[in-house]
Protein chains: 4
Amino acid sequence: MARGIFTALLEDAEVAALLGDAAQARAMVEVEIALAKVQAALGVISSEAGRKISAALADFRPDLDELAAGTASAGVPVPALVAQLRRAVGGSAASFVHWGATSQDIVDTALVLQLRQVLEALEARLVRLNDALVRLIEGHRDTAIVARTRFQQALPTTFALKAAGWLAPLLRDQQRLRELEPRLLAVQFGGAAGNLAALGDRGVEVMEALAAELGLACPPMPWHNQRDTLAELGSWLALVSGSIGKLGQDLLLMAQNEIGEVREAEGGSSSTMPQKSNPVRSEALVTLARRNATLIAGLHQAMLHAHERDGAAWQLEWTMLPDLASGTAAALAHAAELAETLIVDRERMAGTLASTRGLLLAEAVGFALSEHMARAAAHALVKDAVGRALASGRDLLAVVAELSDAPVDWSRLRAQAERPLAADPLVQRVLKAVADNRRKAT
Amino acid sequence: MARGIFTALLEDAEVAALLGDAAQARAMVEVEIALAKVQAALGVISSEAGRKISAALADFRPDLDELAAGTASAGVPVPALVAQLRRAVGGSAASFVHWGATSQDIVDTALVLQLRQVLEALEARLVRLNDALVRLIEGHRDTAIVARTRFQQALPTTFALKAAGWLAPLLRDQQRLRELEPRLLAVQFGGAAGNLAALGDRGVEVMEALAAELGLACPPMPWHNQRDTLAELGSWLALVSGSIGKLGQDLLLMAQNEIGEVREAEGGSSSTMPQKSNPVRSEALVTLARRNATLIAGLHQAMLHAHERDGAAWQLEWTMLPDLASGTAAALAHAAELAETLIVDRERMAGTLASTRGLLLAEAVGFALSEHMARAAAHALVKDAVGRALASGRDLLAVVAELSDAPVDWSRLRAQAERPLAADPLVQRVLKAVADNRRKAT
Amino acid sequence: MARGIFTALLEDAEVAALLGDAAQARAMVEVEIALAKVQAALGVISSEAGRKISAALADFRPDLDELAAGTASAGVPVPALVAQLRRAVGGSAASFVHWGATSQDIVDTALVLQLRQVLEALEARLVRLNDALVRLIEGHRDTAIVARTRFQQALPTTFALKAAGWLAPLLRDQQRLRELEPRLLAVQFGGAAGNLAALGDRGVEVMEALAAELGLACPPMPWHNQRDTLAELGSWLALVSGSIGKLGQDLLLMAQNEIGEVREAEGGSSSTMPQKSNPVRSEALVTLARRNATLIAGLHQAMLHAHERDGAAWQLEWTMLPDLASGTAAALAHAAELAETLIVDRERMAGTLASTRGLLLAEAVGFALSEHMARAAAHALVKDAVGRALASGRDLLAVVAELSDAPVDWSRLRAQAERPLAADPLVQRVLKAVADNRRKAT
Amino acid sequence: MARGIFTALLEDAEVAALLGDAAQARAMVEVEIALAKVQAALGVISSEAGRKISAALADFRPDLDELAAGTASAGVPVPALVAQLRRAVGGSAASFVHWGATSQDIVDTALVLQLRQVLEALEARLVRLNDALVRLIEGHRDTAIVARTRFQQALPTTFALKAAGWLAPLLRDQQRLRELEPRLLAVQFGGAAGNLAALGDRGVEVMEALAAELGLACPPMPWHNQRDTLAELGSWLALVSGSIGKLGQDLLLMAQNEIGEVREAEGGSSSTMPQKSNPVRSEALVTLARRNATLIAGLHQAMLHAHERDGAAWQLEWTMLPDLASGTAAALAHAAELAETLIVDRERMAGTLASTRGLLLAEAVGFALSEHMARAAAHALVKDAVGRALASGRDLLAVVAELSDAPVDWSRLRAQAERPLAADPLVQRVLKAVADNRRKAT
């Protein structure tokens, strides 16, 4: 996170801060406060101890250097944290800080609290991007562009449909987010070995009350050594950044000078070539997608969490999750900025279509002819005509008209290429899905 | 898949076959038949053509060598397939095979049909594993075992809770499967460029009818260049195998001679050491989890699918998905076999607990003492006693009893260690979640 | 390997066979024969036993189904193999088969023998590719093409230099191969626990003699649980396929219709679009590079090989290595085919340069002007001129000539753009490095 | 890098600083100074400009915030850097800063300068670790320990041989480092498009002089879009951390309470369990190995670097390399600390061997008996005896002695188990390889 001059484009300041040291330390304090509160309410500790702990820690900001040193020696910051908290509370109440809890209860539950905020931030960026894409789609319902398959020109389509293809997966991502949240945003509270032994027969009560106090779900049992919900989150982040990476790659390709269909509003300058405008944000989308696709493997490896706690697997998560989340947030922000400000060159799109001399209509010509002759014969005729057109540089429709007297309305066919509105019902379906999705979200 | 002598343990014959060449070729034929049927029903092609295609292809099995050769030249098997199908149909109907479709429509929709069967097979294995784990849990509600955190003995717990921790993520995986299926099991039908251009204004009708005919969902728009649903499936497979890999790793560790708490019923023999029994299936679970955690990165990289079709990204999926699915199926089967036949050594578990000379009760002693003195003083006393016990090899409770006259019922404390039933309410919660889950599934 | 209709492009039949079941089984037999031979020569077993074993196994082909079944039960095929071999040898000599060896000695040494052949096959493909690239370079020393940085046109360069950039890393790969071979091609012989205990004080002698018999290096100690040489091989394979993947991606980009600088001689056909020619081999190069970049992570994970043997880590290697090697071989063959047959369109390259209306000379103009005025002033003038040229669509040199009366020879400058031979000394350096490399190899 | 409280164990302060913002900025300045110097010496720029630039920048420290902002807008910090440098130089010399160079020349060459220091730091840590392992080996030449294969006890061996197995791959890593350095530590200087066009016919001269000035190798051609040397470095880092990760995992397993053969001198404390001592550094070694094994995939993906410069691929490297290098340095330091201070419990090792009641001698008994009877009969007898010993809990040698009257010296056999010095010649070979390696290094 926030790693400096080379990776300035690849971080999201807000999300990086939400997962940063200070936020993490404070979230751990909040878990300890909530624990003391609910234990006091349930009579597990005295109400006086509960009150004193809450009061003393309400604004407590841990010393981060001490926590780092504590981690270096214990492999986890909680012993150092608890020592700080007990000093801050003082007196006999001090010993009721962290009552019946273990390091992982504090770290994991704090992480969940942080992730709740991270998901809110990501969802806001997702909504912004969706809105920007909807506007882009709506503005280009009749903008014709060549569709490209396997890096080759294929058929005319609309830019609206292309952009709808960027949007559609994000709708599924929003649905996925709603589904995974109840699994992920769950309290972790199990005590030293995950069986709540220290609290005798009060363990489950405390677990449930702590969940309620923090507004989190209460799982069937502590999940300290079940890391599937974090790997699922990582996969979701990589799904989001992967779909956005596809958008970025499409823009990079469309912004090539020889294609020139789009341009970033604020391209990057070159240190030596004054004529250049580099697609800086589009590149960042590709970088972030490929980085997340790499990191996700580490989170899955970390699922092999030995026994009741595995320090090695646990630390591995922490080297991956913050970059995954901050990178996804940065990708969402860049993509929204791009969608909002993208310079779309309709003339260039139309020019490319025109320059294809009817060749992209080869499939359509075949279908049109097959209304007047056998499909196989139509196909053979088109193939012959394509060969002649390629060799001579002439327009395909002109060549076909010479080879066949079938009563096809060639000018209508050509018009369809220029306004390929067959795609529009699909665009409308996506816009309707957006509306449905918004309803669900509210 | 089915790769031979070294990887015999890492494949599932049924799932490998469902994703194998013959199944894939046949699934593609079924998509072409369904397409002809619905197009005939909608009047897009003649009902005679539809009938002839259905009849001629009903039992048609493509020549697989020809398809492989076709892929080597075209990068995709569909041109070679369509040529075979047209020869098989013959006459004028032949040219209505594959009407308005493109290669990817056939391959992707066939894949979805295959995956529907794969998911059924996986779900059956999941259910078998769940059932076996439930029986294992129920049989060991009062089997005491030492919990281990960070590779060190921590506290007494029950083997039931340990096994419940293997089961709990699988319940979430079943939930996830229900959620992802409607997204994944969706028809792909978009024509050459994904905009259904060849079918004029009949495109959406055909797409919807094809989905209905095949029992698939109909997405807002063709998803040919939106690969999130396949990456999501891959992540799910890696989540499942990851949780099972944790189970396998725990068994490997518990089966070490020095621990000896479990043993595989049919251990592997050594080529030279007659006394050995190797934990072959447990190893395979770890291998498969780490393999899937590796492969999943490739599926996420493949999300950067350029423009309307990207042959390079598309082929990458096919080198990953079958291994992911077959490996997960093999892992589920091995895990079920292990859970059904595992030899659990209660005496050894109890013996290990006994050999710890009360040290694992250190936390419990602290809590017990703190009912009779200040928490800090109790903690200091326990720390002192632990030092003395470690140095002298004496039992911790005996040392504590000498150092303190607090009226603690030491024998009751020790009894709790031998039957650590504090864990049982958590076990019951997991068993209840299983029951709830079964209700939802039916 | 050889997985069928979808992955026909991604396999190399020869290398897949070298790593296939039959080859592996036979290589294991050869290790057992060599072991018996050297033990007989050293008097560790009787010379009669040695003779009988060699004779009986000289042409022995193991039953592969039995080996697969044996792996499924023991996790390794060697117990089943040794049983077959002993049956084949019969009599009292039978028991001297596999004398003092362990499964891993046989499997790992057999693997090394197989890899020796694989590396020969790969080297031959590398040489073919190098030769083809040299011819391509030599044929295009004065073919001008636009260099593209960050997906934008940058400056004129030569196609020879571009191709030299594809070749240069392969020279380093050949050097790397020469360096890693002595580490990789080393005998593994350690007995059951890697300390040669079963052979008393004869262990090292047998290890050295076995290495000599097989033409392999003899390492300081058995490497059974040191997997760095295999991970190094995997990295090398991924380096090779990565550099070739860059070549493939460049070709994909250059083959876009809008650029059209190159074309595959045998492009793939489309199932519906007769005008299309798909860059099938270029795509495969990208797929294989990204697959190998994924798989390499698994080989590195497998380095965490527990204690004296780790079945889980060991099996993980076998799920990765054959695909890595066969995929790299396929990539080399596709790349050689492409380099040998690539259709290079010089006119199109020149046309693109011409169409840039002098803008790519912006940097050169700046340098030329700065010989006649302050650098900063020259830079400002060029920036101004670029803006005017972009806005008006006029040629940059014409605009500059209007803004400045500096006595620059503009036609010479333009000529340099058309024949950008500044690049040629670099091309010559690469060709010289090829020659030097060939000398080293022989 | 330096990411705080949770990852304090996973960073190396020195290496993180060498790759940090300030170091990177300064290294870029040094490249610009060297460039001006050699261009002045060659008469490409005036000697006065060269002198002024060198003088003005000698102690210049760039403003890092400005560089970060510049990266956010241009995707690379060099335009912002050059602007700062020109302001610092002032006057007419200012415009000769960065003469004929491009961003990537500066960034990549600066990176190489930084990596040269990083490799020195890593080599120093490698030497320290090697020395510590040699001492550990030498101190335990006759320390018997059970070898474990597939997580099961196998045979007696020595702890020296086990430690030699940790050391042997590091010797190969040192050899690899010597081999890769001349490839990696090479100047990058190619100008805007990698063909040195801006310098006319002086390009190669400047490239060679710049390499000489900086003490770097001069490659055949600029390597800006050939990223194999960086991927090779990444692989090397992952090889090193992978071998060390194996060491860490072995220590984790040996430190389990039930095995207790080793203990970290400074174990981590628990927040709740006073009796625990957590193997904190061993865990970190496993975490770092698995992290690096994950990240390496990203560096290989980044090899698909499009055309003459690919911003997306380039940035991807920067998100991976610093963590790989700093993590490897941290792993080396932890491993050295562990090797220097590890508490080795010989009694416990001996006790485990003793507790196996002769079972680990099964293979040795078979070999001993086969000197007196047919090998097959001996094998059958041992198998029978193992079964009886396992069932009865009796000592294997006692059971065998009852079943056979072969004149085997059983007490000598048992003595070998207690001092399994068959391993020692292998240990000596490794120590000799260390000595040879040291000679080569100096």
# chains A, B, ... in the order shown; residues from 1 in each chain; ligands from 1
call {"tool": "interface_residues", "arguments": {"of": "chain A", "to": "chain D", "cutoff": "7 Å", "atoms": "only C-alpha atoms", "output": "PyMOL selection string"}}
result
chain A and resi 4-6+8-9+21+64+67-68+71-79+102-103+192+268-272+280+283-284+286-287+291+294-295+297-298+311-313+315-316
call {"tool": "select_by_dssp", "arguments": {"residues": "stretch 84-254 of chain A", "states": "helix (DSSP H, G or I)", "output": "NGL selection string"}}
result
:A and (84-89 or 92-96 or 103-138 or 159-184 or 197-214 or 228-254)
call {"tool": "closest_residue", "arguments": {"among": "A:Leu396, A:Leu19, A:Ala55, A:Leu237", "to": "A:Asp384", "atoms": "only C-alpha atoms"}}
result
A:Leu396
